[in-house]
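Peer 1: Submitted below is the structure of interest, expressed as structure tokens.
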Amino acid sequence: MESCSFAHAVVGLDLSSVSDLFVPWLSHLRRIGTERLTLVHIIPIDVLEHVASGYLVGRLREEMEREALSKLEAYAAELRSKGFNVEVVDPEAGVPAQKIAEVAQRMNADYIVVASRGRGWIRRILLGGTAEELVHVADRPIFISKPYSRLEGGEVKLQPPDDPFRGPILAAIDFGSYVEPIVCRAREIARRTNAQVVLLHVLEEGEDESEVSRRLTEIVESLAVDGVKASYVLAKGKPGKTIVEEAKKLNASLVLIGPHNGNNGLHEIIGTTAETVIRRTETHVLVCK
């Protein structure tokens with residue numbers, strides 16, 4: 001069985017008010033065995049170039065890095081008080097997703113954790129975000145904490161995210177190359193938190209429903225051997241949309257999914273199934289690799 005440890009997480013922080021809510025939320029990760037956190041802040045190079053217009057770029061960069069390091073150290077102190085072993089990577093300018101992925105690979109971290117801001121739907125589709133970019137460039141799992149905003153009286157207000165392990169956990173299974181990492185991660189989380197696992201398979205045209213049921217039953221039985229309570233659901237529809245709908249119907253606290261690739265023109269325009277889930281669900285998402 002492959003290792004599905006959550007011992008060491010690289011945490012990407014944008015140092016915004018969202019990060020102020022995200023950092024306390026990280027305490028939940030101790031329940032799945034996370035002991036070590038590496039905090040990373042990357043100054044977006046495009047932001048630096050825009051702000052630096054008419055200003056000495058070198059001086060501005062130094063000031064931004066100094067301010068970022070001070071805030072990271074404050075976050076680190078808060079997390080150490082929660083029992084984590086915390087280290088801070090010196091801030092630098094670059095493309096956030098790419099740099100975060102590089103740090104995680106260099107440090108051989110078990111997974112990456114980031115917060116999703118939950119920007120406007122059209123803006124998310126057109127511009128994407130660090131979480132979606134990490135799905136493409138990172139070579140290890142990405143845990144996306146969300147949501148951090150809600151509509152109240154016509155205004156968008158920040159809110160602290162909820163417990164990602166209160167359950168049930170929805171594991172989207174398509175029997176592709178990522179089924180083993182998804183099941184392994186689901187098993188590890190459920191074993192540590194006692195959350196129920198619900199396997200979801202979205203039937204494709206022409207699939208043998210009885211054969212799919214047989215394979216899902218095998219997974220349920222293998223999880224039961226480890227004391228994990230599991231069941232499965234078969235559904236029809238567009239994968240991304242269906243996963244989001246089922247997560248809401250089940251009141252799931254976490255969705256596990258692979259970095260699926262779209263196979264038609266529409267997906268090429270709006271992104272993969274994983275990106276659709278990340279953008280549209282109000283549930284925490286773990287992209288398994």
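FYI, nothing fancy with the structure tokens labels: chains A, B, ... in order, residues from 1 per chain, ligands from 1 as they appear.
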Excluding Ile173 (chain A) and its own-chain neighbours fewer than 5 positions away, which residues fall within 8 Å of it when counting only C-alpha atoms? Please give them as a PDB file with N, CA and C atoms, in the first residue's frame.
Peer 2:
ATOM      1  N   VAL A 179      -7.318   6.645  -8.921  1.00  0.00           N
ATOM      2  CA  VAL A 179      -8.222   5.998  -7.977  1.00  0.00           C
ATOM      3  C   VAL A 179      -7.477   5.536  -6.728  1.00  0.00           C
ATOM      4  N   ILE A 182      -6.670   8.467  -4.322  1.00  0.00           N
ATOM      5  CA  ILE A 182      -7.896   8.970  -3.709  1.00  0.00           C
ATOM      6  C   ILE A 182      -8.346   8.037  -2.581  1.00  0.00           C
ATOM      7  N   LEU A 199     -18.231   7.054  -1.580  1.00  0.00           N
ATOM      8  CA  LEU A 199     -17.624   6.990  -2.908  1.00  0.00           C
ATOM      9  C   LEU A 199     -18.662   7.415  -3.941  1.00  0.00           C
ATOM     10  N   LEU A 200     -18.271   8.287  -4.838  1.00  0.00           N
ATOM     11  CA  LEU A 200     -19.179   8.742  -5.897  1.00  0.00           C
ATOM     12  C   LEU A 200     -18.581   8.416  -7.257  1.00  0.00           C
ATOM     13  N   HIS A 201     -19.359   7.752  -8.086  1.00  0.00           N
ATOM     14  CA  HIS A 201     -18.943   7.525  -9.468  1.00  0.00           C
ATOM     15  C   HIS A 201     -20.010   8.090 -10.391  1.00  0.00           C
ATOM     16  N   VAL A 202     -19.600   8.938 -11.318  1.00  0.00           N
ATOM     17  CA  VAL A 202     -20.512   9.506 -12.305  1.00  0.00           C
ATOM     18  C   VAL A 202     -20.425   8.631 -13.554  1.00  0.00           C
ATOM     19  N   ILE A 257     -10.728  14.330  -4.996  1.00  0.00           N
ATOM     20  CA  ILE A 257     -10.851  14.212  -6.441  1.00  0.00           C
ATOM     21  C   ILE A 257      -9.459  14.127  -7.050  1.00  0.00           C
TER      22      ILE A 257
END
Peer 1: Set the distance at 6 Å and use only C-alpha atoms: which residues neighbour region 135-146 of chain A once local chain neighbours fewer than 3 positions away are removed? I'd like the list as a PDB file with N, CA, C and O atoms, in the first residue's frame.
Peer 2:
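Contents of selection-v4.pdb, freshly written:
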ATOM      1  N   ALA A 101       4.841  25.120  -5.599  1.00  0.00           N
ATOM      2  CA  ALA A 101       5.065  23.743  -6.041  1.00  0.00           C
ATOM      3  C   ALA A 101       6.546  23.377  -5.963  1.00  0.00           C
ATOM      4  O   ALA A 101       6.902  22.261  -5.567  1.00  0.00           O
ATOM      5  N   TYR A 111       2.101  17.201   1.218  1.00  0.00           N
ATOM      6  CA  TYR A 111       1.026  17.860   0.478  1.00  0.00           C
ATOM      7  C   TYR A 111       1.143  19.373   0.606  1.00  0.00           C
ATOM      8  O   TYR A 111       1.963  19.878   1.370  1.00  0.00           O
ATOM      9  N   ILE A 112       0.326  20.067  -0.167  1.00  0.00           N
ATOM     10  CA  ILE A 112       0.285  21.530  -0.193  1.00  0.00           C
ATOM     11  C   ILE A 112      -1.088  21.975   0.303  1.00  0.00           C
ATOM     12  O   ILE A 112      -2.100  21.342  -0.014  1.00  0.00           O
ATOM     13  N   VAL A 113      -1.131  23.058   1.074  1.00  0.00           N
ATOM     14  CA  VAL A 113      -2.404  23.589   1.561  1.00  0.00           C
ATOM     15  C   VAL A 113      -2.509  25.056   1.171  1.00  0.00           C
ATOM     16  O   VAL A 113      -1.568  25.838   1.402  1.00  0.00           O
ATOM     17  N   VAL A 114      -3.628  25.441   0.575  1.00  0.00           N
ATOM     18  CA  VAL A 114      -3.886  26.835   0.221  1.00  0.00           C
ATOM     19  C   VAL A 114      -5.344  27.167   0.516  1.00  0.00           C
ATOM     20  O   VAL A 114      -6.187  26.276   0.640  1.00  0.00           O
ATOM     21  N   ALA A 115      -5.626  28.456   0.618  1.00  0.00           N
ATOM     22  CA  ALA A 115      -7.008  28.917   0.799  1.00  0.00           C
ATOM     23  C   ALA A 115      -7.530  29.461  -0.518  1.00  0.00           C
ATOM     24  O   ALA A 115      -6.797  30.105  -1.270  1.00  0.00           O
ATOM     25  N   SER A 116      -8.792  29.178  -0.802  1.00  0.00           N
ATOM     26  CA  SER A 116      -9.431  29.714  -1.996  1.00  0.00           C
ATOM     27  C   SER A 116     -10.255  30.922  -1.601  1.00  0.00           C
ATOM     28  O   SER A 116     -11.077  30.865  -0.686  1.00  0.00           O
ATOM     29  N   GLU A 132      -6.205  26.546  -8.657  1.00  0.00           N
ATOM     30  CA  GLU A 132      -6.364  25.855  -9.933  1.00  0.00           C
ATOM     31  C   GLU A 132      -5.018  25.646 -10.621  1.00  0.00           C
ATOM     32  O   GLU A 132      -4.771  24.587 -11.215  1.00  0.00           O
ATOM     33  N   HIS A 284     -14.499  22.077   1.234  1.00  0.00           N
ATOM     34  CA  HIS A 284     -13.061  21.904   1.121  1.00  0.00           C
ATOM     35  C   HIS A 284     -12.772  20.815   0.098  1.00  0.00           C
ATOM     36  O   HIS A 284     -13.529  19.851  -0.041  1.00  0.00           O
ATOM     37  N   VAL A 285     -11.650  20.952  -0.633  1.00  0.00           N
ATOM     38  CA  VAL A 285     -11.305  20.020  -1.701  1.00  0.00           C
ATOM     39  C   VAL A 285      -9.863  19.529  -1.528  1.00  0.00           C
ATOM     40  O   VAL A 285      -8.960  20.332  -1.272  1.00  0.00           O
ATOM     41  N   LEU A 286      -9.683  18.228  -1.670  1.00  0.00           N
ATOM     42  CA  LEU A 286      -8.344  17.657  -1.687  1.00  0.00           C
ATOM     43  C   LEU A 286      -8.131  17.007  -3.062  1.00  0.00           C
ATOM     44  O   LEU A 286      -8.808  16.039  -3.404  1.00  0.00           O
ATOM     45  N   VAL A 287      -7.222  17.588  -3.839  1.00  0.00           N
ATOM     46  CA  VAL A 287      -6.884  17.034  -5.154  1.00  0.00           C
ATOM     47  C   VAL A 287      -5.754  16.038  -4.939  1.00  0.00           C
ATOM     48  O   VAL A 287      -4.660  16.404  -4.504  1.00  0.00           O
ATOM     49  N   CYS A 288      -6.025  14.769  -5.236  1.00  0.00           N
ATOM     50  CA  CYS A 288      -5.073  13.692  -4.926  1.00  0.00           C
ATOM     51  C   CYS A 288      -4.203  13.357  -6.124  1.00  0.00           C
ATOM     52  O   CYS A 288      -4.695  13.187  -7.232  1.00  0.00           O
ATOM     53  N   LYS A 289      -2.912  13.234  -5.867  1.00  0.00           N
ATOM     54  CA  LYS A 289      -1.951  12.852  -6.910  1.00  0.00           C
ATOM     55  C   LYS A 289      -1.044  11.767  -6.367  1.00  0.00           C
ATOM     56  O   LYS A 289      -0.907  11.618  -5.157  1.00  0.00           O
TER      57      LYS A 289
END
Peer 1: If you count only C-alpha atoms, which residues fall within 8 Å of Ile43 (chain A), apart from same-chain ones fewer than 5 positions away, as number ranges by chain?
Peer 2: A: 48, 64-65, 91-96
Peer 1: Quick one: everything within 12 Å of Met107 (chain A), counting only C-alpha atoms, minus sequence neighbours fewer than 6 positions away in the same chain. Send it as a list in words.
Peer 2: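 What passes the distance filter is His8, Ala9, Val10, Arg36, Leu37, Thr38, Leu39, Val40, Glu87, Val89, Ile100, Ala101 and Arg140 of chain A.
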Peer 1: Can you list every residue in region 106-268 of chain A that DSSP puts in alpha helix (DSSP H), as a ChimeraX atom specification?
Peer 2: /A:106,121-127,130-137,179-193,209-225,239-250,265-268
Peer 1: From a DSSP pass on the backbone, collect the residues of region 91-239 of chain A flagged as strand (DSSP E) and hand them back as a ChimeraX atom specification.
Peer 2: /A:92-94,111-115,142-145,149-152,155-158,169-172,197-203,230-236
Peer 1: Within 7 Å of region 236-246 of chain A, counting only C-alpha atoms, which residues qualify if same-chain residues fewer than 4 places away don't, as a PyMOL selection string?
Peer 2: chain A and resi 202-203+250+273-274+276-277+280-281
Peer 1: Mind checking which residues fall within 8 Å of region 195-197 of chain A, counting only C-alpha atoms, ignoring those fewer than 5 positions away in the same chain, and posting them as a list of chain:residue names?
Peer 2: A:Phe165, A:Arg166, A:Gly167, A:Pro168, A:Ile169, A:Leu170, A:Ala171, A:Ala186, A:Ile189, A:Ala190, A:Val228, A:Lys229, A:Ala230, A:Ser231
Peer 1: Print the selection's residues with all heavy atoms to a file, as a compact mmCIF listing (two decimals), in the first residue's frame.
Peer 2:
# COMPACT_ATOMS: atom_id res chain seq x y z
N PHE A 165 -13.24 17.85 8.53
CA PHE A 165 -13.31 16.43 8.84
C PHE A 165 -14.54 16.04 9.65
O PHE A 165 -14.58 14.96 10.24
CB PHE A 165 -12.03 16.00 9.57
CG PHE A 165 -10.77 16.44 8.88
CD1 PHE A 165 -9.84 17.23 9.54
CD2 PHE A 165 -10.53 16.10 7.56
CE1 PHE A 165 -8.69 17.65 8.91
CE2 PHE A 165 -9.38 16.52 6.92
CZ PHE A 165 -8.45 17.30 7.59
N ARG A 166 -15.54 16.93 9.68
CA ARG A 166 -16.75 16.58 10.42
C ARG A 166 -17.51 15.48 9.68
O ARG A 166 -18.35 14.80 10.26
CB ARG A 166 -17.64 17.81 10.61
CG ARG A 166 -18.07 18.47 9.32
CD ARG A 166 -19.10 19.57 9.50
NE ARG A 166 -19.35 20.27 8.27
CZ ARG A 166 -20.03 19.80 7.25
NH1 ARG A 166 -20.54 18.57 7.30
NH2 ARG A 166 -20.22 20.52 6.16
N GLY A 167 -17.25 15.33 8.40
CA GLY A 167 -17.84 14.28 7.57
C GLY A 167 -19.24 14.63 7.10
O GLY A 167 -19.84 15.57 7.57
N PRO A 168 -19.75 13.83 6.16
CA PRO A 168 -19.03 12.77 5.45
C PRO A 168 -18.01 13.31 4.44
O PRO A 168 -18.06 14.48 4.07
CB PRO A 168 -20.15 12.02 4.73
CG PRO A 168 -21.21 13.05 4.50
CD PRO A 168 -21.16 13.95 5.70
N ILE A 169 -17.10 12.43 4.06
CA ILE A 169 -16.09 12.76 3.05
C ILE A 169 -16.55 12.14 1.73
O ILE A 169 -16.88 10.95 1.67
CB ILE A 169 -14.73 12.18 3.45
CG1 ILE A 169 -14.22 12.83 4.73
CG2 ILE A 169 -13.71 12.36 2.33
CD1 ILE A 169 -13.04 12.11 5.34
N LEU A 170 -16.60 12.96 0.69
CA LEU A 170 -17.02 12.49 -0.63
C LEU A 170 -15.78 12.24 -1.49
O LEU A 170 -15.02 13.16 -1.75
CB LEU A 170 -17.95 13.50 -1.30
CG LEU A 170 -18.49 13.12 -2.68
CD1 LEU A 170 -19.40 11.91 -2.57
CD2 LEU A 170 -19.23 14.28 -3.31
N ALA A 171 -15.59 10.99 -1.92
CA ALA A 171 -14.45 10.63 -2.77
C ALA A 171 -14.95 10.33 -4.17
O ALA A 171 -15.67 9.36 -4.38
CB ALA A 171 -13.71 9.42 -2.19
N ALA A 186 -8.41 8.90 1.37
CA ALA A 186 -9.71 8.80 2.06
C ALA A 186 -9.59 7.86 3.26
O ALA A 186 -10.12 8.14 4.35
CB ALA A 186 -10.79 8.30 1.10
N ILE A 189 -7.57 9.62 6.13
CA ILE A 189 -8.34 10.67 6.81
C ILE A 189 -9.44 10.06 7.68
O ILE A 189 -9.61 10.43 8.84
CB ILE A 189 -8.94 11.64 5.78
CG1 ILE A 189 -7.84 12.45 5.08
CG2 ILE A 189 -9.93 12.60 6.45
CD1 ILE A 189 -8.32 13.26 3.90
N ALA A 190 -10.20 9.13 7.10
CA ALA A 190 -11.31 8.52 7.84
C ALA A 190 -10.81 7.72 9.04
O ALA A 190 -11.43 7.72 10.10
CB ALA A 190 -12.13 7.63 6.91
N VAL A 228 -13.11 1.58 8.42
CA VAL A 228 -13.66 2.80 7.83
C VAL A 228 -15.09 2.54 7.37
O VAL A 228 -15.35 1.60 6.60
CB VAL A 228 -12.81 3.28 6.64
CG1 VAL A 228 -13.47 4.47 5.95
CG2 VAL A 228 -11.41 3.64 7.11
N LYS A 229 -16.02 3.38 7.82
CA LYS A 229 -17.41 3.27 7.39
C LYS A 229 -17.54 3.90 6.00
O LYS A 229 -17.22 5.08 5.82
CB LYS A 229 -18.33 3.98 8.38
CG LYS A 229 -18.38 3.34 9.75
CD LYS A 229 -19.18 4.17 10.74
CE LYS A 229 -18.42 5.45 11.11
NZ LYS A 229 -19.11 6.22 12.17
N ALA A 230 -17.99 3.13 5.04
CA ALA A 230 -18.06 3.63 3.66
C ALA A 230 -19.29 3.11 2.94
O ALA A 230 -19.85 2.07 3.29
CB ALA A 230 -16.80 3.23 2.89
N SER A 231 -19.70 3.86 1.93
CA SER A 231 -20.81 3.47 1.07
C SER A 231 -20.52 4.08 -0.31
O SER A 231 -19.51 4.77 -0.48
CB SER A 231 -22.15 4.00 1.62
OG SER A 231 -22.12 5.41 1.74
Peer 1: Using CA of Pro147 (chain A) and CA of Pro161 (chain A) as the two end points, give the distance in Å to one decimal.
Peer 2: 6.0 Å
Peer 1: Can you pull out every residue within 6 Å of Phe84 (chain A), counting only C-alpha atoms, but drop anything in the same chain fewer than 4 positions away, and send it as a tab-separated table (two decimals) with N, CA, C and O atoms, in the first residue's frame?
Peer 2:
chain	number	residue	atom	x	y	z
A	35	GLU	N	2.22	17.40	11.44
A	35	GLU	CA	3.05	17.89	12.54
A	35	GLU	C	3.94	19.05	12.13
A	35	GLU	O	4.30	19.89	12.95
A	36	ARG	N	4.28	19.10	10.86
A	36	ARG	CA	5.24	20.09	10.36
A	36	ARG	C	4.59	20.95	9.29
A	36	ARG	O	3.96	20.44	8.36
A	79	LEU	N	1.11	29.38	15.18
A	79	LEU	CA	0.98	27.96	14.88
A	79	LEU	C	1.84	27.10	15.80
A	79	LEU	O	1.46	25.98	16.16
A	80	ARG	N	2.99	27.62	16.19
A	80	ARG	CA	3.82	26.87	17.15
A	80	ARG	C	3.10	26.73	18.48
A	80	ARG	O	3.23	25.70	19.15
